[in-house]
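Structure record follows, encoded as C-alpha cells.
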Amino acid sequence: PYSDNVLSELGYDYTLENDRYKLYFEPLSYSVVMYDKVNDYYLSSRAELQGLSGIRENNTSTRNMLNSGLWISYVRKANVTTATEETESIYSIADVSYVTDGSIKEGQDYFSVYDIEENSYDEGAVEVTVLNMSNQLETTIEFFDLDMRIQVNLSLSEEGLHVSIPASELIETSDIYGLTKITVFPYFGAVREDLAPGYMLIPDGVGALIRLDAPIEETLRARFYGGDRGLNTSSRAYLSVPIAALISYVDHQGYYVRVDEGETSASFEASFWSSNSKYHKMSVTHTIRPIYKAIINQAGDGREQIPEALTTLDYQMTYVMLGDNANYSGVANHYKEHLLDNGILNEKTLSDELPLMLSFLMGDQTPAFLGTRYLEMTSTNDIEQMIDTLQSEGINDLMVELYGWSRDGHMDEAPYRERYVSGVESLMSKLQGEGITTALLQEYATGSSLASRVLFNRDVARDYSRLKMEYQVGSINSQVVEAYMLYPDRSLAFANDDNLAHVSMPDMGHTLFSYYDDAFYTRADTLVYYQEIMASFETLMMHAPSKYAWEYLDAYLSMPFMHSNYYYYTDVIPFIPMLLKGIIPYFNTPLNFNALGDTMILTMIDYGMAPNYILTEQPTETMRFTRSSVYFTTQFDVFKDDIKTNYDRLNDIYVAVGQARIVSRNMLALG
C-alpha cells in the first residue's frame, strides 16, 4: 500500500478528491495513483512490483515505458512508414536515468525502482504544466524538440477517472515530425505475472475472458467496431462495444475502460506476461493521424503518407472502478445502465412469450437464356400459410424478415430497387396489422457489380490510397462478383430515394470505414451519414450491429455465440446478451445450420437468445444455380417440426424468466 509520505516522496504533488476516490498525480512521468476509499485499494498507472525477482529485469528504455503514463507516436514527414513510426514515453523523451538497476535488493523498498538520478530529467525536451482546478487537472505537455503540444484533462466522478484530449488543443508546428497517436496510462492497473490471477474481459464476438494465470506469447490488437477498409486495416477480433476490463482481484479490485468520445478512431491493445514482459496490461490509443499508402501508378506502387491535418475528434475515456463488483457481471451491469441513462439503449415493449424470427426467402436471380430472371421460392400466400401453421401450433410472438422482396433478387443485389414482388405491400400491411413486426431486407452501406442501382464511378468509395474500395466475394458455385463500399453520401441518397419504413440491414451495423473524396474523411464522418439513415426508419432490424447502431435498434439479428477463437481466450461469456436481455429482442444465426445440436440449444438458453429460421416454400435445390444457394437447407416442410420442438424447449425457459434482465452469471461446473 501507498502512504501519503511515500506518494509525496515520489513526486505526487497534485491531487483530486471526491467522496469515493482520491487521485494522486506526478507530472514528470505523467503518472497517477488512484485510491478507492470505499474498498481500500490503490491502482497505479506505473507497472508495480518491478524488480521483484531481485535481479535486473529491464533496460533503461523499457523501464521508461513501464514508468510513464503518457506515450506518443510520431513519424518523420519526409520518410513516413509504419516501420519507422516511433513510440516514445514521456520519460524516454526526457532521457531520464535511474538511481538503481531496477532490482529490489535486501534493504531496498519496492519504490526504489522509480528513483531517477538528480538532474537527469531533460526539461529542455519536455515540460508538463498543470492547472489545478477544483474538480479537474488541466495538463499541457510540450515536446520542444518535436514542436508538439497536447492537452490532457483529468477529472473524477462517482464512476472513477475521466481522461480527455481536446482536439482543439493539439498543436504541431514542426516541418520534420508528424504526431500520429497518443496513449494515456498504458500500464494502468497492470498485473505482474500470476500474482493477481484475475482476468481481462474482451468484448470480442459475444464476449471473451483471458485468465491471467499463465504466460501468453501474443499481443492482441484490434480496432473498436472492426477494421477500416478505407485504411486497409483488418482485425479478426471484432469489438462491438468500446470497452474492455482488467480484473486483478475478482469481486474486490479491478476496472473497465470505456471510450466515451472518439471511439471510431480508438484502438485497443492487450499484452501479456511472456518471455518479453512480466506484465499483463491493456491500453487504448487515440489515433491523431492514420498512416496510409499514396499510390502513384497503375501498378500500385507508392509510398506511405499521413494526412496533413490533425484529427478534429475530441477524445474521452473513463476508468470505471468496480470495487466489490469487479467481475464481468459487474462490468455488464454498470455499462448497461450507462447505455440506458444516455439513450444509447432504448427499452422495447417485450412479450411474455419467446419471440421467433422468420426470415422468408422469396426469391433470387437465376441464370436464364439471356442474362438472369427472377426465381420465386416463396410467394406471399405461402408466407401467410406458413405463419398460420405455426400460429396453430401455439407460436404467436413472431417477427418477420423478407429476403428477395424486390425483383432485383437477393444475394449481392442490394441496394434493391422498389420493384415489389406481387403481394408484398399488402402482406406487410396485413402482418403489421396483426402485430407481427415485419421488415424488408435492404442495404445501403455496401453494393456489388450485380446491383442495378450502383454506378461504379459515381457510387463506389475510394480509400485513402484513392483506389476504389472493391473486393471479391464468392459463392458455393464458385461464382465470383465484385463487392463495393459505397460513399456514405450516396448511401444516404439511396435511402432518401426509397419509401421504406420497415427495414432489416445486414451490413451497416458493423461497417465503418474512412474514405477519400477530394479530401480525407474518417469513420466518424461515415457514421454521421449512417446515423441519419438509421434514424429514418420506423422499424430497424440489424445483423450483429455495434454499439453505434443500438440507439436505433428494434431487433438484433445474427448474434454471434462465440468469440474469435484466439487460443489464449480461456472463456466464452454472454457479455453482449447481458447488456441487451430484457431491453431489446435478440436472435441467433438461423438454426437451419445448427451443427451443434443440443449444445446450441443449451447455449441459447444460457444466453437468452431467441430462435431464427430462414425458410422457403420450394425445395432448396430449386435455387441451386442462384447465389442464394449458400442457404443450403431452407424448405419449410423440412423444418416445421424442428421449429415447434425447439421453440417449445426454449419457450419453457423463457416464460419462467420473462422479461427479466441478466444481473449475474455463475458457472456451476465446467461445461
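Residue names in the C-alpha cells use chain letters A, B, ... in the order shown, residue numbers from 1 in each chain, and ligand numbers from 1 in the order shown.
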So which residues touch region 540-544 of chain A within 7 Å, counting only C-alpha atoms, skipping near sequence neighbours fewer than 2 positions away, as an mmCIF file with N, CA and C atoms, in the first residue's frame?
data_model
loop_
_atom_site.group_PDB
_atom_site.id
_atom_site.type_symbol
_atom_site.label_atom_id
_atom_site.label_comp_id
_atom_site.auth_asym_id
_atom_site.auth_seq_id
_atom_site.Cartn_x
_atom_site.Cartn_y
_atom_site.Cartn_z
ATOM 1 N N HIS A 502 -39.833 0.054 -42.856
ATOM 2 C CA HIS A 502 -39.527 -1.096 -42.001
ATOM 3 C C HIS A 502 -38.425 -1.901 -42.694
ATOM 4 N N VAL A 503 -37.217 -1.835 -42.137
ATOM 5 C CA VAL A 503 -36.036 -2.321 -42.852
ATOM 6 C C VAL A 503 -35.187 -3.202 -41.942
ATOM 7 N N SER A 504 -34.589 -4.223 -42.546
ATOM 8 C CA SER A 504 -33.569 -5.047 -41.909
ATOM 9 C C SER A 504 -32.277 -4.870 -42.694
ATOM 10 N N MET A 505 -31.182 -4.557 -41.995
ATOM 11 C CA MET A 505 -29.925 -4.251 -42.690
ATOM 12 C C MET A 505 -28.823 -5.203 -42.238
ATOM 13 N N PRO A 506 -28.189 -5.901 -43.176
ATOM 14 C CA PRO A 506 -27.170 -6.885 -42.790
ATOM 15 C C PRO A 506 -25.779 -6.315 -42.537
ATOM 16 N N ASP A 507 -25.419 -5.163 -43.127
ATOM 17 C CA ASP A 507 -24.033 -4.704 -43.094
ATOM 18 C C ASP A 507 -23.792 -3.415 -42.318
ATOM 19 N N GLY A 509 -24.598 -2.003 -39.647
ATOM 20 C CA GLY A 509 -24.341 -2.019 -38.213
ATOM 21 C C GLY A 509 -22.945 -2.443 -37.832
ATOM 22 N N HIS A 510 -22.179 -3.006 -38.744
ATOM 23 C CA HIS A 510 -20.791 -3.375 -38.435
ATOM 24 C C HIS A 510 -19.855 -2.983 -39.572
ATOM 25 N N PHE A 537 -36.011 5.222 -40.165
ATOM 26 C CA PHE A 537 -36.949 4.111 -40.292
ATOM 27 C C PHE A 537 -37.841 3.995 -39.068
ATOM 28 N N GLU A 538 -39.069 3.542 -39.289
ATOM 29 C CA GLU A 538 -39.975 3.255 -38.176
ATOM 30 C C GLU A 538 -39.570 1.968 -37.467
ATOM 31 N N SER A 546 -22.979 -3.045 -34.042
ATOM 32 C CA SER A 546 -22.145 -2.495 -32.983
ATOM 33 C C SER A 546 -22.929 -1.470 -32.171
ATOM 34 N N TYR A 552 -30.932 2.979 -32.432
ATOM 35 C CA TYR A 552 -31.994 2.952 -33.440
ATOM 36 C C TYR A 552 -32.645 1.582 -33.573
ATOM 37 N N LEU A 553 -32.235 0.635 -32.751
ATOM 38 C CA LEU A 553 -32.490 -0.776 -32.980
ATOM 39 C C LEU A 553 -33.833 -1.230 -32.414
ATOM 40 N N ASP A 554 -34.550 -2.043 -33.210
ATOM 41 C CA ASP A 554 -35.759 -2.716 -32.746
ATOM 42 C C ASP A 554 -35.537 -4.213 -32.561
ATOM 43 N N ALA A 555 -34.559 -4.777 -33.239
ATOM 44 C CA ALA A 555 -34.223 -6.193 -33.069
ATOM 45 C C ALA A 555 -32.787 -6.414 -33.513
ATOM 46 N N TYR A 556 -32.069 -7.231 -32.735
ATOM 47 C CA TYR A 556 -30.675 -7.585 -33.011
ATOM 48 C C TYR A 556 -30.688 -8.995 -33.597
ATOM 49 N N LEU A 557 -30.233 -9.123 -34.850
ATOM 50 C CA LEU A 557 -30.237 -10.413 -35.537
ATOM 51 C C LEU A 557 -28.819 -10.960 -35.659
ATOM 52 N N SER A 558 -28.736 -12.270 -35.842
ATOM 53 C CA SER A 558 -27.460 -12.957 -36.104
ATOM 54 C C SER A 558 -26.426 -12.693 -35.019
ATOM 55 N N MET A 559 -26.857 -12.754 -33.774
ATOM 56 C CA MET A 559 -25.907 -12.558 -32.678
ATOM 57 C C MET A 559 -24.884 -13.690 -32.672
#
Excluding Thr634 (chain A) and residues on its chain fewer than 5 positions from it, collect all residues at most 12 Å away from it, counting only C-alpha atoms, and give them as an NGL selection string. :A and (358-362 or 377-378 or 590-593 or 612-624 or 628-629 or 639-640 or 642-643)
Within 12 Å of Ile306 (chain A), counting only C-alpha atoms, which residues qualify if same-chain residues fewer than 6 places away don't, as a count of residues only? 27
DSSP strand (DSSP E) residues within region 304-542 of chain A, as a PyMOL selection string: chain A and resi 304-305+315-321+356-361+363-367+372-376+398-403+437-441+446-448+470-473+481-485+502-505+515-516+520-521+539-542
Contacts of His410 (chain A) within 8 Å, only C-alpha atoms, excl. fewer than 5 positions in-chain, as an NGL selection string: :A and (363-365 or 403-405 or 628)
For all heavy atoms, I'd like the residues from the last selection saved as a short mmCIF file (atom, residue, chain, number, x, y, z; two decimals), in the first residue's frame.
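selection14.cif was written with the following content:
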data_model
loop_
_atom_site.label_atom_id
_atom_site.label_comp_id
_atom_site.auth_asym_id
_atom_site.auth_seq_id
_atom_site.Cartn_x
_atom_site.Cartn_y
_atom_site.Cartn_z
N GLY A 363 -37.20 -15.11 -53.19
CA GLY A 363 -36.65 -15.46 -54.50
C GLY A 363 -35.33 -14.79 -54.74
O GLY A 363 -34.86 -13.97 -53.95
N ASP A 364 -34.70 -15.15 -55.86
CA ASP A 364 -33.42 -14.55 -56.25
C ASP A 364 -33.29 -14.65 -57.76
O ASP A 364 -34.09 -15.31 -58.44
CB ASP A 364 -32.27 -15.27 -55.55
CG ASP A 364 -31.02 -14.41 -55.43
OD1 ASP A 364 -30.99 -13.30 -56.01
OD2 ASP A 364 -30.07 -14.82 -54.73
N GLN A 365 -32.26 -14.01 -58.29
CA GLN A 365 -31.98 -14.07 -59.71
C GLN A 365 -31.28 -15.39 -60.05
O GLN A 365 -30.36 -15.82 -59.34
CB GLN A 365 -31.09 -12.89 -60.13
CG GLN A 365 -31.78 -11.54 -60.08
CD GLN A 365 -32.85 -11.39 -61.15
OE1 GLN A 365 -32.66 -11.81 -62.30
NE2 GLN A 365 -33.98 -10.81 -60.78
N TYR A 403 -36.55 -11.60 -47.43
CA TYR A 403 -35.45 -11.57 -48.39
C TYR A 403 -36.05 -11.69 -49.80
O TYR A 403 -37.03 -12.40 -50.01
CB TYR A 403 -34.50 -12.75 -48.20
CG TYR A 403 -33.75 -12.83 -46.88
CD1 TYR A 403 -32.91 -13.90 -46.61
CD2 TYR A 403 -33.88 -11.84 -45.91
CE1 TYR A 403 -32.21 -14.00 -45.42
CE2 TYR A 403 -33.18 -11.93 -44.71
CZ TYR A 403 -32.35 -13.01 -44.48
OH TYR A 403 -31.66 -13.11 -43.30
N GLY A 404 -35.41 -11.06 -50.78
CA GLY A 404 -35.85 -11.23 -52.16
C GLY A 404 -37.21 -10.62 -52.43
O GLY A 404 -37.92 -11.07 -53.35
N TRP A 405 -37.60 -9.59 -51.70
CA TRP A 405 -38.90 -8.92 -51.88
C TRP A 405 -38.94 -8.07 -53.14
O TRP A 405 -40.00 -7.74 -53.64
CB TRP A 405 -39.21 -8.05 -50.68
CG TRP A 405 -38.11 -7.04 -50.40
CD1 TRP A 405 -37.01 -7.22 -49.62
CD2 TRP A 405 -38.01 -5.73 -50.95
NE1 TRP A 405 -36.22 -6.10 -49.64
CE2 TRP A 405 -36.81 -5.16 -50.45
CE3 TRP A 405 -38.80 -4.97 -51.80
CZ2 TRP A 405 -36.39 -3.88 -50.78
CZ3 TRP A 405 -38.38 -3.68 -52.14
CH2 TRP A 405 -37.20 -3.15 -51.63
N SER A 628 -28.07 -17.49 -53.86
CA SER A 628 -28.69 -17.87 -52.58
C SER A 628 -28.52 -19.35 -52.27
O SER A 628 -29.02 -19.82 -51.24
CB SER A 628 -30.18 -17.51 -52.59
OG SER A 628 -30.36 -16.12 -52.56
#
Could you give me, as an NGL selection string, the residues within 6 Å of region 123-133 of chain A, counting only C-alpha atoms and dropping anything in the same chain fewer than 6 positions from it? :A and (94 or 139-145)
Convert the current residue selection to file output with C-alpha atoms, as a compact mmCIF listing (two decimals), in the first residue's frame.
# COMPACT_ATOMS: atom_id res chain seq x y z
CA ALA A 94 13.17 13.43 -21.17
CA THR A 139 -2.35 19.45 -18.06
CA THR A 140 -0.40 20.74 -21.04
CA ILE A 141 2.54 18.70 -22.29
CA GLU A 142 5.00 20.38 -24.60
CA PHE A 143 7.58 18.40 -26.56
CA PHE A 144 10.08 21.06 -27.56
CA ASP A 145 12.34 19.07 -29.89
Residue with smallest distance to Asp517 (chain A) - pool A:Leu467, A:Met578, A:Ile247, A:Leu43, counting only C-alpha atoms: A:Leu467
